[in-house]
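For reference, the structure discussed in these notes is given below.
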Amino acid sequence: MPDFTAHAHPVLAVRCPECGKAPGIWCRRPSGHRASELHAGRKAEADRIFIDQHGETASIERLPAGGWIIDPRGRSRD
């Protein structure tokens, strides 16, 4: 089960379906250079798995001191 709070970016919790990089490893371009952004397919897969694990109302928030926390209630909608 992916841990969305364990990496520098929550999307890194899943394997990239586009470049095949393992969880925790940043996406790579076909040239082998580090991609400037994570691949869209990886973002979509991370969203799908996060919702499956935590529900549609949950959110993930950056902590002021660094790191991440999952709020099962999601962000407040004022």
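Here's how to read the names in the structure tokens: chain A, B, ... by the order shown, residue numbers from 1 in each chain, ligand numbers from 1 in the order shown.
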- Task: Taking the DSSP assignment computed from this structure's backbone, write out as a VMD selection string all residues of chain A that belong to strand (DSSP E or B).
- Result: chain A and resid 28 34 59 to 62 68 to 71
Include N, CA and C atoms and write out the residues we just selected as a CSV table (one decimal), in the first residue's frame.
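Saved result, selection-v4.csv, follows:
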chain,number,residue,atom,x,y,z
A,28,ARG,N,11.8,10.3,-15.5
A,28,ARG,CA,12.8,10.6,-16.4
A,28,ARG,C,12.3,10.8,-17.8
A,34,ARG,N,16.4,13.9,-15.9
A,34,ARG,CA,15.3,14.1,-15.0
A,34,ARG,C,14.2,15.0,-15.6
A,59,SER,N,-7.8,14.7,1.9
A,59,SER,CA,-6.8,15.6,1.2
A,59,SER,C,-5.5,15.3,1.9
A,60,ILE,N,-4.5,15.7,1.2
A,60,ILE,CA,-3.1,15.7,1.7
A,60,ILE,C,-2.6,17.1,1.7
A,61,GLU,N,-2.0,17.4,2.9
A,61,GLU,CA,-1.5,18.8,3.1
A,61,GLU,C,-0.1,18.8,3.5
A,62,ARG,N,0.6,19.8,3.0
A,62,ARG,CA,2.0,20.0,3.4
A,62,ARG,C,2.1,20.6,4.8
A,68,TRP,N,4.2,15.7,5.0
A,68,TRP,CA,2.8,15.7,4.6
A,68,TRP,C,2.0,15.1,5.6
A,69,ILE,N,0.7,15.4,5.6
A,69,ILE,CA,-0.3,14.8,6.5
A,69,ILE,C,-1.6,14.6,5.7
A,70,ILE,N,-2.2,13.5,6.0
A,70,ILE,CA,-3.5,13.2,5.3
A,70,ILE,C,-4.6,13.6,6.3
A,71,ASP,N,-5.5,14.4,5.7
A,71,ASP,CA,-6.7,14.8,6.5
A,71,ASP,C,-7.9,14.0,5.9
Find the spatial neighbours of stretch 37-45 of chain A, counting only C-alpha atoms, within a cut-off of 8 Å - ignore same-chain residues fewer than 5 positions away - and output them as a PDB file with all heavy atoms, in the first residue's frame.
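Output (out_13.pdb):
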ATOM      1  N   VAL A  11       2.943  12.297  -5.115  1.00  0.00           N
ATOM      2  CA  VAL A  11       2.799  11.510  -6.340  1.00  0.00           C
ATOM      3  C   VAL A  11       3.917  10.472  -6.477  1.00  0.00           C
ATOM      4  O   VAL A  11       3.739   9.443  -7.124  1.00  0.00           O
ATOM      5  CB  VAL A  11       2.728  12.454  -7.566  1.00  0.00           C
ATOM      6  CG1 VAL A  11       2.754  11.691  -8.874  1.00  0.00           C
ATOM      7  CG2 VAL A  11       1.466  13.310  -7.486  1.00  0.00           C
ATOM      8  N   VAL A  14       3.743   6.283  -6.011  1.00  0.00           N
ATOM      9  CA  VAL A  14       3.360   5.230  -6.962  1.00  0.00           C
ATOM     10  C   VAL A  14       4.375   5.132  -8.095  1.00  0.00           C
ATOM     11  O   VAL A  14       5.088   6.083  -8.397  1.00  0.00           O
ATOM     12  CB  VAL A  14       1.949   5.472  -7.540  1.00  0.00           C
ATOM     13  CG1 VAL A  14       0.907   5.512  -6.429  1.00  0.00           C
ATOM     14  CG2 VAL A  14       1.887   6.723  -8.379  1.00  0.00           C
ATOM     15  N   ARG A  15       4.425   3.970  -8.725  1.00  0.00           N
ATOM     16  CA  ARG A  15       5.277   3.754  -9.906  1.00  0.00           C
ATOM     17  C   ARG A  15       4.700   4.552 -11.067  1.00  0.00           C
ATOM     18  O   ARG A  15       3.493   4.647 -11.233  1.00  0.00           O
ATOM     19  CB  ARG A  15       5.311   2.271 -10.259  1.00  0.00           C
ATOM     20  CG  ARG A  15       6.101   1.958 -11.530  1.00  0.00           C
ATOM     21  CD  ARG A  15       6.180   0.466 -11.794  1.00  0.00           C
ATOM     22  NE  ARG A  15       6.911  -0.222 -10.751  1.00  0.00           N
ATOM     23  CZ  ARG A  15       8.240  -0.282 -10.660  1.00  0.00           C
ATOM     24  NH1 ARG A  15       8.982   0.325 -11.560  1.00  0.00           N
ATOM     25  NH2 ARG A  15       8.811  -0.937  -9.674  1.00  0.00           N
ATOM     26  N   CYS A  16       5.571   5.107 -11.898  1.00  0.00           N
ATOM     27  CA  CYS A  16       5.129   5.872 -13.054  1.00  0.00           C
ATOM     28  C   CYS A  16       4.758   4.928 -14.196  1.00  0.00           C
ATOM     29  O   CYS A  16       5.607   4.150 -14.647  1.00  0.00           O
ATOM     30  CB  CYS A  16       6.198   6.855 -13.525  1.00  0.00           C
ATOM     31  SG  CYS A  16       5.627   7.869 -14.916  1.00  0.00           S
ATOM     32  N   PRO A  17       3.511   4.988 -14.690  1.00  0.00           N
ATOM     33  CA  PRO A  17       3.124   4.127 -15.803  1.00  0.00           C
ATOM     34  C   PRO A  17       3.717   4.576 -17.137  1.00  0.00           C
ATOM     35  O   PRO A  17       3.686   3.830 -18.104  1.00  0.00           O
ATOM     36  CB  PRO A  17       1.598   4.223 -15.811  1.00  0.00           C
ATOM     37  CG  PRO A  17       1.298   5.545 -15.214  1.00  0.00           C
ATOM     38  CD  PRO A  17       2.390   5.783 -14.196  1.00  0.00           C
ATOM     39  N   GLU A  18       4.262   5.789 -17.192  1.00  0.00           N
ATOM     40  CA  GLU A  18       4.809   6.305 -18.444  1.00  0.00           C
ATOM     41  C   GLU A  18       6.296   6.000 -18.608  1.00  0.00           C
ATOM     42  O   GLU A  18       6.720   5.546 -19.670  1.00  0.00           O
ATOM     43  CB  GLU A  18       4.544   7.803 -18.566  1.00  0.00           C
ATOM     44  CG  GLU A  18       3.052   8.098 -18.693  1.00  0.00           C
ATOM     45  CD  GLU A  18       2.736   9.557 -18.864  1.00  0.00           C
ATOM     46  OE1 GLU A  18       3.535  10.282 -19.497  1.00  0.00           O
ATOM     47  OE2 GLU A  18       1.683   9.979 -18.371  1.00  0.00           O
ATOM     48  N   TRP A  26      12.151  10.086  -9.098  1.00  0.00           N
ATOM     49  CA  TRP A  26      11.562  11.108  -9.960  1.00  0.00           C
ATOM     50  C   TRP A  26      11.486  10.592 -11.403  1.00  0.00           C
ATOM     51  O   TRP A  26      12.325   9.801 -11.829  1.00  0.00           O
ATOM     52  CB  TRP A  26      12.411  12.383  -9.905  1.00  0.00           C
ATOM     53  CG  TRP A  26      11.653  13.583 -10.377  1.00  0.00           C
ATOM     54  CD1 TRP A  26      11.598  14.041 -11.657  1.00  0.00           C
ATOM     55  CD2 TRP A  26      10.840  14.455  -9.616  1.00  0.00           C
ATOM     56  NE1 TRP A  26      10.798  15.156 -11.735  1.00  0.00           N
ATOM     57  CE2 TRP A  26      10.321  15.433 -10.485  1.00  0.00           C
ATOM     58  CE3 TRP A  26      10.491  14.516  -8.273  1.00  0.00           C
ATOM     59  CZ2 TRP A  26       9.481  16.451 -10.065  1.00  0.00           C
ATOM     60  CZ3 TRP A  26       9.651  15.536  -7.852  1.00  0.00           C
ATOM     61  CH2 TRP A  26       9.159  16.479  -8.734  1.00  0.00           C
ATOM     62  N   CYS A  27      10.498  11.051 -12.155  1.00  0.00           N
ATOM     63  CA  CYS A  27      10.324  10.655 -13.550  1.00  0.00           C
ATOM     64  C   CYS A  27      11.524  11.083 -14.396  1.00  0.00           C
ATOM     65  O   CYS A  27      12.202  12.062 -14.099  1.00  0.00           O
ATOM     66  CB  CYS A  27       9.054  11.290 -14.117  1.00  0.00           C
ATOM     67  SG  CYS A  27       7.534  10.632 -13.411  1.00  0.00           S
TER      68      CYS A  27
END
- Query: Distance atom CA of A:Glu56-atom CA of A:Cys19, one decimal place?
  - Reply: 27.2 Å
- Which of these, A:Asp47, A:Gly67, A:His33, A:Thr57, has the shortest distance to A:Thr5 once you count only C-alpha atoms?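 Among the listed residues, the smallest separation from A:Thr5 belongs to A:Gly67.
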- Item | Distance query A:His54 at most 7 Å, only C-alpha atoms, self and fewer than 4 positions along chain excluded, as number ranges by chain | A: 50, 58, 72
May I have the selected residues written with C-alpha atoms, as a PDB file, in the first residue's frame?
ATOM      1  CA  PHE A  50      -5.167   7.871  -2.914  1.00  0.00           C
ATOM      2  CA  ALA A  58      -9.634  13.151   2.017  1.00  0.00           C
ATOM      3  CA  PRO A  72      -9.605  12.299   6.083  1.00  0.00           C
TER       4      PRO A  72
END
- Between atom CA of A:Lys21 and atom CA of A:Ala65, what is the spacing in Å?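 That distance, rounded to one decimal, is 27.8 Å.
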- Could you pull out all residues of chain A with a DSSP call of alpha helix (DSSP H) and give them as a ChimeraX atom specification? /A:40-54
Considering only C-alpha atoms, return as a PDB file with N, CA and C atoms, in the first residue's frame whatever protein or nucleic-acid residues lie within 10 Å of A:Ile49, sequence-local ones (same chain, fewer than 6 positions apart) excluded.
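What ended up in part.pdb:
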ATOM      1  N   MET A   1       0.848  -1.167   0.000  1.00  0.00           N
ATOM      2  CA  MET A   1       0.000   0.000   0.000  1.00  0.00           C
ATOM      3  C   MET A   1       0.906   1.247   0.000  1.00  0.00           C
ATOM      4  N   PRO A   2       0.763   2.127  -0.999  1.00  0.00           N
ATOM      5  CA  PRO A   2       1.610   3.319  -1.064  1.00  0.00           C
ATOM      6  C   PRO A   2       1.433   4.240   0.137  1.00  0.00           C
ATOM      7  N   PHE A   4       1.658   7.936   0.945  1.00  0.00           N
ATOM      8  CA  PHE A   4       1.699   9.238   0.286  1.00  0.00           C
ATOM      9  C   PHE A   4       2.412  10.302   1.119  1.00  0.00           C
ATOM     10  N   ALA A  13       4.696   8.362  -4.505  1.00  0.00           N
ATOM     11  CA  ALA A  13       4.325   7.146  -3.783  1.00  0.00           C
ATOM     12  C   ALA A  13       3.988   5.986  -4.725  1.00  0.00           C
ATOM     13  N   VAL A  14       3.743   6.283  -6.011  1.00  0.00           N
ATOM     14  CA  VAL A  14       3.360   5.230  -6.962  1.00  0.00           C
ATOM     15  C   VAL A  14       4.375   5.132  -8.095  1.00  0.00           C
ATOM     16  N   GLY A  55     -10.533   7.681   0.517  1.00  0.00           N
ATOM     17  CA  GLY A  55     -11.868   8.198   0.249  1.00  0.00           C
ATOM     18  C   GLY A  55     -11.843   9.505  -0.535  1.00  0.00           C
TER      19      GLY A  55
END
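Comparing A:Gln53, A:Ala22, A:Ala6, A:Ala46 by their smallest distance to A:Gly66, the closest is A:Ala6 (using only C-alpha atoms).
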